[in-house]
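What follows is a set of notes on a single structure, which appears directly below.
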There are 2 protein chains.
Amino acid sequence: MTVPKVVDPEERRASVAAAVWRVVRRSGLDGVSVRTVAAEAGLSAGSLRHYFATQAELLAFAMQLVADRVRARVDAIGPGPDPVTTVRRVIDELLPLDPERRAEAEVWLAFTTRAQVDPALRALRDASYDALEGLCADLVDALAPEHPHRAAEIERLYSLIDGLVLHAVMRPDRATPELMGAVVDRHLAELGQ
Amino acid sequence: MTVPKVVDPEERRASVAAAVWRVVRRSGLDGVSVRTVAAEAGLSAGSLRHYFATQAELLAFAMQLVADRVRARVDAIGPGPDPVTTVRRVIDELLPLDPERRAEAEVWLAFTTRAQVDPALRALRDASYDALEGLCADLVDALAPEHPHRAAEIERLYSLIDGLVLHAVMRPDRATPELMGAVVDRHLAELGQ
DNA sequence: CATTTTGTAGCACAGTCGTGCCAGAACCCG
DNA sequence: CGGGTTCTGGCACGACTGTGCTACAAAATG
């Protein structure tokens, strides 16, 4: 085959997506125009369109990449010494406990609210929502098998996680990693009797 | 003083704000332009500017009005027969259990994420955040006075509520009023021992 | 009645938007 | 080397943006 190029085109698309993320964090999703993203990525607007034919494609790709990153992190978690530890590790990957993951959460929140009025993004959002719901179901089953209020406990855990993410994005000074950790600790302790 | 006019100017501003809400629900906050809101309110763009000098003022007013409505509902709740019932009534006013309150939550979510990059809206959001945090503190104190993990329990309750609101907005078919009610029931039961 | 205030509509300006299109540069392959 | 593909930048179009400004109608006030 061919020798690997200096810059893999798919990598280039990913670096443009990273530019989208930076613009989103700085100016919100409204600030994302073909021109602002191109400038952030060090390209011309016309050149950017060579990688993404339309803005809709650019946004969908950038959003999908966020979902992929989270999924990859969660999938990489191996089984721990006991269920509580394993569950705790999974939740730690979902929460924005460090600046990088908080940035991720900020971008995800922006995309997820736009999905409210954008059918293309909505499909991506719903798929991630379903996956996370299933993940929370697994966590509940691992900690409290055959729980008499299984459905409510799944939604309770999932809502708690999403609420913590929301708070960490909006008020990082209030929802600190320490506080979020304490909240999760208490919840898991109660869940496992 | 003067006889009340046919249309109170402040009422007119509120009806324009309602037009903003409708546009937000239909097209998102990005769809809110002076012209779209004017058309939705049955005015000309030039006439709208007689009530709101700038778009920023229009947005801030429309957002503030959402916060005011929630606050008014919560303040109207009288003491119930027992703490659990009272707390439950307060939470029920915060959750989008009917279409009207879900619409409210949708609009609030849109404004609150824009507040992430708009200092003027951010002040409004932070004030509401603080008020709700204080309210959750009161709820925890009412159910479990001098709880050994008070701070964590406050954040846990607040995150749970915001997570439920988020889910109700994004997936109203999944986060049904019944399921949310069951989740809150379980949480309050655990909180009061 | 006349006058002032209040409300309404519309136009114009300068800017940004997404996208279509095209002239070259850079690169790879034979 | 030539020829084809990939990449890059720039221009242009029509649409939409917030806001300043003006002319006119309606209502309130004297």
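The chains in the structure tokens are called A, B, ... from first to last as shown; in each chain the residues are counted from 1, and the ligands are counted from 1 in the order shown.
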
Item to check | Exercise: Glu178 in chain A partners within 12 Å, only C-alpha atoms (C1' of nucleotides), chain neighbours under 6 positions left out, as an MDAnalysis selection string | outcome: (chainID A and resid 92 95:98 164 168 172 184:185) or (chainID B and resid 151:152 155)

Given the selection you just returned, output its residues as a file containing N, CA and C atoms, formatted as a PDB file, in the first residue's frame.
```pdb
ATOM      1  N   ASP A  92     -16.365   7.530  37.716  1.00  0.00           N
ATOM      2  CA  ASP A  92     -15.289   8.525  37.683  1.00  0.00           C
ATOM      3  C   ASP A  92     -14.932   8.935  36.259  1.00  0.00           C
ATOM      4  N   LEU A  95     -17.718  11.487  35.103  1.00  0.00           N
ATOM      5  CA  LEU A  95     -17.771  12.807  35.743  1.00  0.00           C
ATOM      6  C   LEU A  95     -16.590  13.673  35.317  1.00  0.00           C
ATOM      7  N   PRO A  96     -16.799  14.968  35.212  1.00  0.00           N
ATOM      8  CA  PRO A  96     -15.713  15.887  34.837  1.00  0.00           C
ATOM      9  C   PRO A  96     -14.839  16.220  36.038  1.00  0.00           C
ATOM     10  N   LEU A  97     -14.006  15.256  36.403  1.00  0.00           N
ATOM     11  CA  LEU A  97     -13.201  15.442  37.614  1.00  0.00           C
ATOM     12  C   LEU A  97     -11.898  16.183  37.357  1.00  0.00           C
ATOM     13  N   ASP A  98     -11.505  16.293  36.098  1.00  0.00           N
ATOM     14  CA  ASP A  98     -10.314  17.090  35.786  1.00  0.00           C
ATOM     15  C   ASP A  98     -10.671  18.060  34.658  1.00  0.00           C
ATOM     16  N   LEU A 164     -24.752  15.990  38.360  1.00  0.00           N
ATOM     17  CA  LEU A 164     -23.401  16.352  38.796  1.00  0.00           C
ATOM     18  C   LEU A 164     -22.601  16.933  37.634  1.00  0.00           C
ATOM     19  N   ALA A 168     -21.065  20.634  37.529  1.00  0.00           N
ATOM     20  CA  ALA A 168     -19.624  20.825  37.357  1.00  0.00           C
ATOM     21  C   ALA A 168     -19.339  21.775  36.197  1.00  0.00           C
ATOM     22  N   PRO A 172     -18.227  25.192  38.474  1.00  0.00           N
ATOM     23  CA  PRO A 172     -17.087  24.356  38.868  1.00  0.00           C
ATOM     24  C   PRO A 172     -16.541  24.727  40.249  1.00  0.00           C
ATOM     25  N   VAL A 184     -21.036  10.747  45.240  1.00  0.00           N
ATOM     26  CA  VAL A 184     -21.069   9.403  44.644  1.00  0.00           C
ATOM     27  C   VAL A 184     -20.834   8.337  45.717  1.00  0.00           C
ATOM     28  N   ASP A 185     -19.908   8.614  46.610  1.00  0.00           N
ATOM     29  CA  ASP A 185     -19.636   7.659  47.684  1.00  0.00           C
ATOM     30  C   ASP A 185     -20.899   7.335  48.479  1.00  0.00           C
TER      31      ASP A 185
ATOM     32  N   ALA B 151     -23.477  18.541  53.617  1.00  0.00           N
ATOM     33  CA  ALA B 151     -23.077  19.162  52.354  1.00  0.00           C
ATOM     34  C   ALA B 151     -23.242  18.213  51.176  1.00  0.00           C
ATOM     35  N   ALA B 152     -22.814  16.974  51.376  1.00  0.00           N
ATOM     36  CA  ALA B 152     -22.929  16.001  50.294  1.00  0.00           C
ATOM     37  C   ALA B 152     -24.392  15.695  49.992  1.00  0.00           C
ATOM     38  N   GLU B 155     -25.948  18.548  47.918  1.00  0.00           N
ATOM     39  CA  GLU B 155     -25.542  18.463  46.520  1.00  0.00           C
ATOM     40  C   GLU B 155     -26.150  17.241  45.855  1.00  0.00           C
TER      41      GLU B 155
END
```

Checklist entry - Contacts of range 65-68 of chain A at 12 Å or less, counting only C-alpha atoms (C1' of nucleotides), minus same-chain residues fewer than 4 places along, as an NGL selection string? => result :A and (10-11 or 13-18 or 20-21 or 58-61 or 72-75 or 94 or 100-112 or 121 or 124-129 or 131-132)

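Between CA of Arg26 in chain A and CA of Asp118 in chain B there is a distance of 10.2 Å.
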
Using only C-alpha atoms (C1' of nucleotides), find each residue in chain D having at least one atom no more than 10 Å away from chain A; report its shortest atom-to-atom pair and that distance in Å (one decimal), rows by chain then rising number, as CSV.
```
residue,atom,partner,partner_atom,distance
D:DT6,C1',A:His50,CA,9.6
D:DC7,C1',A:Ser47,CA,7.5
D:DT8,C1',A:Ser47,CA,5.4
D:DG9,C1',A:Ser44,CA,6.2
D:DG10,C1',A:Gly46,CA,7.5
```

Item to check | chain B residues near chain A (7 Å cut-off, only C-alpha atoms) as a ChimeraX atom specification | outcome: /B:26-28,30,110,113,116-117,152-153,156,159-160,162-164,170,179,182-183

Now that the selection is made, can you save its residues with C-alpha atoms as a short mmCIF file (atom, residue, chain, number, x, y, z; two decimals), in the first residue's frame?
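Written output follows (out-v5.cif):
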```
data_model
loop_
_atom_site.label_atom_id
_atom_site.label_comp_id
_atom_site.auth_asym_id
_atom_site.auth_seq_id
_atom_site.Cartn_x
_atom_site.Cartn_y
_atom_site.Cartn_z
CA ARG B 26 -39.28 25.74 18.20
CA SER B 27 -35.87 26.83 16.91
CA GLY B 28 -33.58 27.12 19.90
CA ASP B 30 -30.13 30.64 17.93
CA ALA B 110 -31.48 26.91 26.64
CA THR B 113 -26.33 26.95 28.55
CA GLN B 116 -22.01 29.71 29.81
CA VAL B 117 -20.68 32.27 27.33
CA ALA B 152 -22.93 16.00 50.29
CA GLU B 153 -26.63 15.31 50.81
CA ARG B 156 -26.91 14.98 46.02
CA SER B 159 -27.98 17.18 41.38
CA LEU B 160 -30.71 14.57 41.37
CA ASP B 162 -31.38 18.92 37.97
CA GLY B 163 -30.60 15.57 36.41
CA LEU B 164 -34.28 14.67 36.39
CA MET B 170 -34.23 15.59 26.56
CA LEU B 179 -40.75 7.49 36.93
CA ALA B 182 -40.84 7.14 41.98
CA VAL B 183 -37.24 8.34 41.98
#
```

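Contacts from chain A to chain C at a cut-off of 9 Å (only C-alpha atoms (C1' of nucleotides)) map to A:Ser33, A:Val34, A:Thr54, A:Gln55.
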
Checklist entry - C1' of DC21 in chain D to CA of Phe52 in chain B: how many Å, to one decimal? => result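 Computing it gives 16.2 Å between the two atoms.
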